[in-house]
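Participant: I'm passing along coords-v6.cif; it holds mmCIF, C-alpha atoms.
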```cif
data_upload
loop_
_atom_site.label_atom_id
_atom_site.label_comp_id
_atom_site.auth_asym_id
_atom_site.auth_seq_id
_atom_site.Cartn_x
_atom_site.Cartn_y
_atom_site.Cartn_z
CA MET A 1 7.06 -16.20 127.80
CA ASP A 2 5.24 -19.47 128.34
CA ALA A 3 3.24 -21.46 125.79
CA LEU A 4 0.00 -19.65 126.68
CA LEU A 5 1.41 -16.17 126.04
CA LEU A 6 3.12 -17.30 122.83
CA SER A 7 -0.15 -18.82 121.62
CA ARG A 8 -1.96 -15.58 122.37
CA LEU A 9 0.66 -13.49 120.55
CA GLN A 10 0.57 -15.78 117.51
CA PHE A 11 -3.23 -15.79 117.42
CA VAL A 12 -3.61 -12.03 117.88
CA TRP A 13 -1.19 -11.40 115.01
CA VAL A 14 -3.28 -13.52 112.64
CA ILE A 15 -6.70 -12.35 113.81
CA GLY A 16 -5.51 -8.73 113.79
CA TRP A 17 -5.01 -8.99 110.04
CA HIS A 18 -8.07 -11.17 109.55
CA ILE A 19 -10.47 -8.66 111.12
CA LEU A 20 -9.15 -5.92 108.83
CA LEU A 21 -9.10 -7.72 105.49
CA PRO A 22 -12.51 -9.49 105.48
CA ALA A 23 -14.23 -6.43 107.02
CA PHE A 24 -12.82 -4.31 104.20
CA THR A 25 -13.91 -6.82 101.55
CA VAL A 26 -17.46 -6.98 102.98
CA GLY A 27 -17.90 -3.24 102.55
CA LEU A 28 -15.97 -3.08 99.29
CA ALA A 29 -18.06 -5.82 97.66
CA CYS A 30 -21.23 -3.89 98.48
CA TYR A 31 -19.62 -0.68 97.19
CA ILE A 32 -18.68 -2.35 93.89
CA ALA A 33 -22.22 -3.72 93.51
CA THR A 34 -23.57 -0.20 94.11
CA LEU A 35 -21.24 1.17 91.42
CA GLU A 36 -22.55 -1.37 88.93
CA VAL A 37 -26.15 -0.49 89.78
CA LEU A 38 -25.40 3.19 89.15
CA TRP A 39 -23.57 2.34 85.91
CA TRP A 40 -26.57 0.33 84.73
CA TRP A 41 -29.08 2.98 85.83
CA LYS A 42 -27.34 6.20 84.78
CA LYS A 43 -25.40 4.83 81.77
CA ASP A 44 -22.36 6.76 83.05
CA ASP A 45 -19.05 5.10 82.24
CA VAL A 46 -17.42 6.73 85.27
CA TYR A 47 -19.08 4.13 87.50
CA ARG A 48 -17.81 1.29 85.30
CA ARG A 49 -14.23 2.57 85.52
CA LEU A 50 -14.49 2.91 89.30
CA SER A 51 -15.89 -0.62 89.55
CA ALA A 52 -13.07 -2.07 87.44
CA TYR A 53 -10.52 -0.19 89.56
CA TRP A 54 -11.80 -1.43 92.91
CA ILE A 55 -12.43 -5.00 91.77
CA LYS A 56 -8.67 -5.52 91.46
CA ILE A 57 -8.11 -4.29 95.01
CA PHE A 58 -10.99 -6.46 96.21
CA ALA A 59 -9.41 -9.56 94.66
CA VAL A 60 -6.12 -9.04 96.53
CA SER A 61 -7.87 -8.30 99.84
CA PHE A 62 -10.21 -11.27 99.42
CA GLY A 63 -7.30 -13.61 98.76
CA MET A 64 -5.37 -12.40 101.80
CA GLY A 65 -8.51 -12.67 103.93
CA VAL A 66 -8.96 -16.30 102.88
CA VAL A 67 -5.32 -17.14 103.61
CA SER A 68 -5.39 -15.53 107.07
CA GLY A 69 -8.72 -17.27 107.81
CA ILE A 70 -7.26 -20.69 106.99
CA VAL A 71 -4.30 -20.07 109.30
CA MET A 72 -6.67 -18.90 112.03
CA ALA A 73 -8.77 -22.05 111.67
CA TYR A 74 -5.68 -24.21 112.19
CA GLN A 75 -4.70 -22.15 115.23
CA ILE A 76 -8.13 -22.69 116.78
CA GLY A 77 -7.44 -26.43 116.59
CA THR A 78 -3.82 -26.26 117.79
CA ASN A 79 -3.33 -23.24 120.06
CA TRP A 80 -6.76 -23.70 121.63
CA SER A 81 -7.24 -27.44 121.23
CA TYR A 82 -9.12 -27.87 124.51
CA MET A 83 -11.68 -25.25 123.46
CA SER A 84 -12.11 -27.09 120.16
CA GLU A 85 -12.64 -30.39 121.97
CA PHE A 86 -15.01 -28.83 124.53
CA ALA A 87 -17.17 -26.68 122.18
CA GLY A 88 -16.36 -28.13 118.76
CA SER A 89 -19.82 -29.66 118.36
CA ILE A 90 -21.22 -26.13 118.07
CA MET A 91 -18.35 -24.07 116.64
CA GLY A 92 -17.45 -26.69 114.02
CA PRO A 93 -20.86 -26.92 112.30
CA VAL A 94 -21.41 -23.15 112.41
CA LEU A 95 -18.06 -22.50 110.71
CA ALA A 96 -18.82 -25.29 108.23
CA TYR A 97 -22.11 -23.57 107.34
CA GLU A 98 -20.10 -20.42 106.62
CA VAL A 99 -17.93 -22.32 104.13
CA LEU A 100 -20.83 -24.13 102.47
CA THR A 101 -23.21 -21.17 102.14
CA ALA A 102 -20.95 -18.12 101.91
CA PHE A 103 -17.45 -19.00 100.76
CA PHE A 104 -18.60 -21.27 97.93
CA LEU A 105 -21.03 -18.54 96.79
CA GLU A 106 -18.29 -15.92 96.78
CA ALA A 107 -15.72 -18.17 95.12
CA GLY A 108 -18.20 -19.38 92.51
CA PHE A 109 -18.98 -15.91 91.20
CA LEU A 110 -15.65 -14.21 91.91
CA GLY A 111 -14.16 -15.42 88.62
CA VAL A 112 -17.02 -13.95 86.60
CA MET A 113 -16.74 -10.71 88.57
CA LEU A 114 -12.98 -10.47 87.92
CA PHE A 115 -12.66 -11.71 84.35
CA GLY A 116 -16.15 -11.46 82.89
CA TRP A 117 -16.19 -7.85 81.69
CA ASN A 118 -15.87 -8.77 78.00
CA ARG A 119 -17.12 -12.34 78.28
CA VAL A 120 -20.60 -12.01 79.79
CA GLY A 121 -23.37 -9.46 79.49
CA ARG A 122 -23.80 -6.48 81.78
CA GLY A 123 -26.67 -8.15 83.61
CA MET A 124 -24.71 -11.33 84.32
CA HIS A 125 -21.71 -9.36 85.52
CA PHE A 126 -23.87 -7.35 87.90
CA PHE A 127 -25.54 -10.54 89.15
CA SER A 128 -22.13 -12.08 89.85
CA THR A 129 -21.00 -8.96 91.69
CA ALA A 130 -24.21 -8.96 93.75
CA MET A 131 -23.71 -12.65 94.64
CA VAL A 132 -20.17 -11.96 95.83
CA ALA A 133 -21.47 -9.09 97.97
CA LEU A 134 -24.25 -11.31 99.33
CA GLY A 135 -21.69 -14.03 100.09
CA THR A 136 -19.58 -11.65 102.19
CA LEU A 137 -22.66 -10.68 104.24
CA VAL A 138 -23.68 -14.33 104.71
CA SER A 139 -20.13 -15.07 105.85
CA THR A 140 -20.45 -12.24 108.38
CA PHE A 141 -23.70 -13.80 109.62
CA TRP A 142 -22.15 -17.18 110.44
CA ILE A 143 -18.88 -15.87 111.87
CA LEU A 144 -20.72 -13.47 114.17
CA ALA A 145 -23.12 -16.26 115.19
CA SER A 146 -20.16 -18.35 116.35
CA ASN A 147 -18.37 -15.46 118.03
CA SER A 148 -21.53 -14.16 119.72
CA TRP A 149 -22.33 -17.62 121.07
CA MET A 150 -18.93 -17.59 122.76
CA GLN A 151 -19.92 -14.35 124.51
CA THR A 152 -23.58 -15.15 125.36
CA PRO A 153 -23.95 -18.94 125.03
CA GLN A 154 -27.36 -20.61 125.08
CA GLY A 155 -29.13 -23.61 123.52
CA PHE A 156 -26.70 -26.25 124.83
CA GLU A 157 -26.01 -28.74 127.60
CA ILE A 158 -22.70 -29.95 128.98
CA ILE A 159 -22.59 -33.75 128.92
CA ASP A 160 -19.46 -35.72 129.87
CA GLY A 161 -17.37 -32.55 129.78
CA ARG A 162 -18.43 -31.52 126.26
CA VAL A 163 -20.90 -28.98 124.90
CA ILE A 164 -23.88 -30.62 123.19
CA PRO A 165 -26.31 -28.46 121.16
CA VAL A 166 -29.98 -28.93 122.05
CA ASP A 167 -31.54 -25.96 120.18
CA TRP A 168 -29.76 -24.69 117.08
CA LEU A 169 -31.98 -21.62 116.71
CA ALA A 170 -31.11 -20.61 120.25
CA VAL A 171 -27.43 -21.28 119.54
CA ILE A 172 -27.36 -19.12 116.41
CA PHE A 173 -29.71 -16.35 117.55
CA ASN A 174 -28.15 -15.94 120.97
CA PRO A 175 -28.82 -12.71 122.93
CA SER A 176 -25.84 -10.65 121.71
CA PHE A 177 -25.96 -11.89 118.08
CA PRO A 178 -28.31 -9.28 116.50
CA TYR A 179 -26.35 -6.39 117.98
CA ARG A 180 -22.94 -7.81 117.16
CA LEU A 181 -23.96 -8.68 113.59
CA ALA A 182 -25.35 -5.20 112.93
CA HIS A 183 -22.34 -3.58 114.59
CA MET A 184 -19.81 -5.61 112.58
CA ALA A 185 -21.59 -5.13 109.24
CA THR A 186 -21.79 -1.39 109.88
CA ALA A 187 -18.12 -1.38 110.87
CA ALA A 188 -17.29 -2.92 107.50
CA PHE A 189 -19.15 -0.11 105.72
CA VAL A 190 -17.43 2.53 107.88
CA ALA A 191 -13.98 1.06 107.21
CA THR A 192 -14.59 0.85 103.46
CA ALA A 193 -16.01 4.38 103.29
CA PHE A 194 -12.93 5.87 104.92
CA PHE A 195 -10.54 3.68 102.90
CA VAL A 196 -12.18 4.69 99.61
CA GLY A 197 -12.37 8.32 100.75
CA ALA A 198 -8.70 8.33 101.74
CA SER A 199 -7.73 6.85 98.36
CA ALA A 200 -9.69 9.57 96.56
CA ALA A 201 -8.21 12.27 98.79
CA TRP A 202 -4.70 11.04 98.00
CA HIS A 203 -5.41 11.38 94.26
CA LEU A 204 -6.94 14.84 94.74
CA LEU A 205 -3.91 16.05 96.71
CA ARG A 206 -1.68 14.91 93.85
CA GLY A 207 -3.70 17.02 91.39
CA ARG A 208 -5.72 14.19 89.81
CA ASN A 209 -9.01 16.09 89.95
CA THR A 210 -11.00 13.90 87.55
CA PRO A 211 -14.76 13.22 87.57
CA ALA A 212 -14.16 9.64 88.72
CA ILE A 213 -12.02 10.70 91.69
CA ARG A 214 -14.48 13.43 92.73
CA ARG A 215 -17.38 10.97 92.46
CA MET A 216 -15.49 8.40 94.52
CA PHE A 217 -14.67 10.95 97.24
CA SER A 218 -18.25 12.23 97.39
CA MET A 219 -19.77 8.74 97.66
CA ALA A 220 -17.32 7.76 100.41
CA MET A 221 -17.93 10.85 102.53
CA TRP A 222 -21.72 10.64 102.25
CA MET A 223 -21.54 6.97 103.23
CA ALA A 224 -19.35 7.73 106.24
CA LEU A 225 -21.71 10.53 107.30
CA VAL A 226 -24.59 8.04 107.41
CA VAL A 227 -23.04 4.87 108.82
CA ALA A 228 -20.62 6.24 111.44
CA PRO A 229 -23.37 7.61 113.75
CA VAL A 230 -25.47 4.49 113.13
CA GLN A 231 -22.62 2.27 114.30
CA ALA A 232 -22.25 4.33 117.49
CA LEU A 233 -25.97 3.87 118.23
CA ILE A 234 -25.78 0.10 117.59
CA GLY A 235 -22.73 -0.18 119.84
CA ASP A 236 -24.55 1.66 122.61
CA ALA A 237 -27.58 -0.62 122.25
CA HIS A 238 -25.28 -3.64 122.46
#
```
Could I get this file's structure written as structure tokens?

Facilitator:
Amino acid sequence: MDALLLSRLQFVWVIGWHILLPAFTVGLACYIATLEVLWWWKKDDVYRRLSAYWIKIFAVSFGMGVVSGIVMAYQIGTNWSYMSEFAGSIMGPVLAYEVLTAFFLEAGFLGVMLFGWNRVGRGMHFFSTAMVALGTLVSTFWILASNSWMQTPQGFEIIDGRVIPVDWLAVIFNPSFPYRLAHMATAAFVATAFFVGASAAWHLLRGRNTPAIRRMFSMAMWMALVVAPVQALIGDAH
């Protein structure tokens, strides 16, 4: 077990958790925003209770996703230091854009989403929830832009042994980016649909056949029915 294999094992352990937790929070944030829209529209308190229930789970998953992402960022600079030196002029700014545009947006409204039920109006709480959901999707945009550029790089020159960007639009919107972004976002919705559906099924099997649980199970299964085939088509197009 040389340093290269150990670095790979360490990195795959972190990124294995990181792909699960943020993907789940992307879909879950959109699901919570949908619940609040339905609560506002139908005036049915079942949707409010479901939203309050899943917000707590979202907070834990979001926190763990942030922690694993920070560790992964350090590993990119240590385990793969030559890659960082070689391509850091592109990967660094793109990941910085993700922090500035997405993470700050999520973090800014997360507190209102978590603790604002009895402190702000219904409209403000929904707006905060929608901003958190938007932030997770913007984060997906930048992360997939960086990862897709690694697979299908363009818009750069190699000068003195380092990558130098010459066209940022070409860098970001590289050939595989649209497919990979759509595929990853759909994967987040698939993962969340089955996680929510499994949670509802567990309650139903234990005899907790309440309107909220039945509604949660129905929404999850309808969502999975729609997005699972769509993801297969996007993957084939990619």

Participant: Choose the residue, out of A:Tyr82, A:Trp202, A:Trp39, A:Phe141, that has the smallest atom-to-atom separation from Arg214 (chain A); count only C-alpha atoms.

Facilitator: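 Of A:Tyr82, A:Trp202, A:Trp39, A:Phe141, the one nearest Arg214 (chain A), counting only C-alpha atoms, is A:Trp202.
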
Participant: Need the shell around region 47-54 of chain A: protein/DNA/RNA residues with any atom at most 12 Å away, counting only C-alpha atoms. Skip same-chain ones fewer than 6 positions apart. Format as an mmCIF file with C-alpha atoms, in the frame of the given file?

Facilitator:
```cif
data_model
loop_
_atom_site.group_PDB
_atom_site.id
_atom_site.type_symbol
_atom_site.label_atom_id
_atom_site.label_comp_id
_atom_site.auth_asym_id
_atom_site.auth_seq_id
_atom_site.Cartn_x
_atom_site.Cartn_y
_atom_site.Cartn_z
ATOM 1 C CA PHE A 24 -12.820 -4.310 104.200
ATOM 2 C CA THR A 25 -13.910 -6.820 101.550
ATOM 3 C CA GLY A 27 -17.900 -3.240 102.550
ATOM 4 C CA LEU A 28 -15.970 -3.080 99.290
ATOM 5 C CA ALA A 29 -18.060 -5.820 97.660
ATOM 6 C CA CYS A 30 -21.230 -3.890 98.480
ATOM 7 C CA TYR A 31 -19.620 -0.680 97.190
ATOM 8 C CA ILE A 32 -18.680 -2.350 93.890
ATOM 9 C CA ALA A 33 -22.220 -3.720 93.510
ATOM 10 C CA THR A 34 -23.570 -0.200 94.110
ATOM 11 C CA LEU A 35 -21.240 1.170 91.420
ATOM 12 C CA GLU A 36 -22.550 -1.370 88.930
ATOM 13 C CA VAL A 37 -26.150 -0.490 89.780
ATOM 14 C CA LEU A 38 -25.400 3.190 89.150
ATOM 15 C CA TRP A 39 -23.570 2.340 85.910
ATOM 16 C CA TRP A 40 -26.570 0.330 84.730
ATOM 17 C CA TRP A 41 -29.080 2.980 85.830
ATOM 18 C CA VAL A 60 -6.120 -9.040 96.530
ATOM 19 C CA SER A 61 -7.870 -8.300 99.840
ATOM 20 C CA PHE A 62 -10.210 -11.270 99.420
ATOM 21 C CA MET A 113 -16.740 -10.710 88.570
ATOM 22 C CA LEU A 114 -12.980 -10.470 87.920
ATOM 23 C CA PHE A 115 -12.660 -11.710 84.350
ATOM 24 C CA GLY A 116 -16.150 -11.460 82.890
ATOM 25 C CA TRP A 117 -16.190 -7.850 81.690
ATOM 26 C CA ASN A 118 -15.870 -8.770 78.000
ATOM 27 C CA ARG A 122 -23.800 -6.480 81.780
ATOM 28 C CA HIS A 125 -21.710 -9.360 85.520
ATOM 29 C CA PHE A 126 -23.870 -7.350 87.900
ATOM 30 C CA THR A 129 -21.000 -8.960 91.690
ATOM 31 C CA THR A 192 -14.590 0.850 103.460
ATOM 32 C CA PHE A 195 -10.540 3.680 102.900
ATOM 33 C CA VAL A 196 -12.180 4.690 99.610
ATOM 34 C CA SER A 199 -7.730 6.850 98.360
ATOM 35 C CA ALA A 200 -9.690 9.570 96.560
ATOM 36 C CA THR A 210 -11.000 13.900 87.550
ATOM 37 C CA PRO A 211 -14.760 13.220 87.570
ATOM 38 C CA ALA A 212 -14.160 9.640 88.720
ATOM 39 C CA ILE A 213 -12.020 10.700 91.690
ATOM 40 C CA ARG A 214 -14.480 13.430 92.730
ATOM 41 C CA ARG A 215 -17.380 10.970 92.460
ATOM 42 C CA MET A 216 -15.490 8.400 94.520
ATOM 43 C CA PHE A 217 -14.670 10.950 97.240
ATOM 44 C CA MET A 219 -19.770 8.740 97.660
#
```

Participant: My list of candidates is A:Thr140, A:Ser146, A:Ser128, A:Gln75. Which is closest to Val94 (chain A) when distances are computed with only C-alpha atoms?

Facilitator: A:Ser146

Participant: Take CA of Gly197 (chain A) and CA of Ala220 (chain A) and report the distance between them in Å, one decimal.

Facilitator: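 Those two atoms sit 5.0 Å apart.
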
Participant: Evaluate the PyMOL selection byres ((chain A and resi 76) around 12) against this structure - the residues, as a list in words, please.

Facilitator: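 Written out, the selection comes to Ser7, Arg8, Gln10, Phe11, Val12, Val14, Ile15, Gly69, Ile70, Val71, Met72, Ala73, Tyr74, Gln75, Gly77, Thr78, Asn79, Trp80, Ser81, Tyr82, Met83, Ser84, Glu85, Ala87, Gly88, Met91, Gly92 and Leu95 of chain A.
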
Participant: Given the selection you just returned, output its residues as a file containing C-alpha atoms, formatted as a tab-separated table (two decimals), keeping the file's coordinate frame.

Facilitator:
```tsv
chain	number	residue	atom	x	y	z
A	7	SER	CA	-0.15	-18.82	121.62
A	8	ARG	CA	-1.96	-15.58	122.37
A	10	GLN	CA	0.57	-15.78	117.51
A	11	PHE	CA	-3.23	-15.79	117.42
A	12	VAL	CA	-3.61	-12.03	117.88
A	14	VAL	CA	-3.28	-13.52	112.64
A	15	ILE	CA	-6.70	-12.35	113.81
A	69	GLY	CA	-8.72	-17.27	107.81
A	70	ILE	CA	-7.26	-20.69	106.99
A	71	VAL	CA	-4.30	-20.07	109.30
A	72	MET	CA	-6.67	-18.90	112.03
A	73	ALA	CA	-8.77	-22.05	111.67
A	74	TYR	CA	-5.68	-24.21	112.19
A	75	GLN	CA	-4.70	-22.15	115.23
A	77	GLY	CA	-7.44	-26.43	116.59
A	78	THR	CA	-3.82	-26.26	117.79
A	79	ASN	CA	-3.33	-23.24	120.06
A	80	TRP	CA	-6.76	-23.70	121.63
A	81	SER	CA	-7.24	-27.44	121.23
A	82	TYR	CA	-9.12	-27.87	124.51
A	83	MET	CA	-11.68	-25.25	123.46
A	84	SER	CA	-12.11	-27.09	120.16
A	85	GLU	CA	-12.64	-30.39	121.97
A	87	ALA	CA	-17.17	-26.68	122.18
A	88	GLY	CA	-16.36	-28.13	118.76
A	91	MET	CA	-18.35	-24.07	116.64
A	92	GLY	CA	-17.45	-26.69	114.02
A	95	LEU	CA	-18.06	-22.50	110.71
```
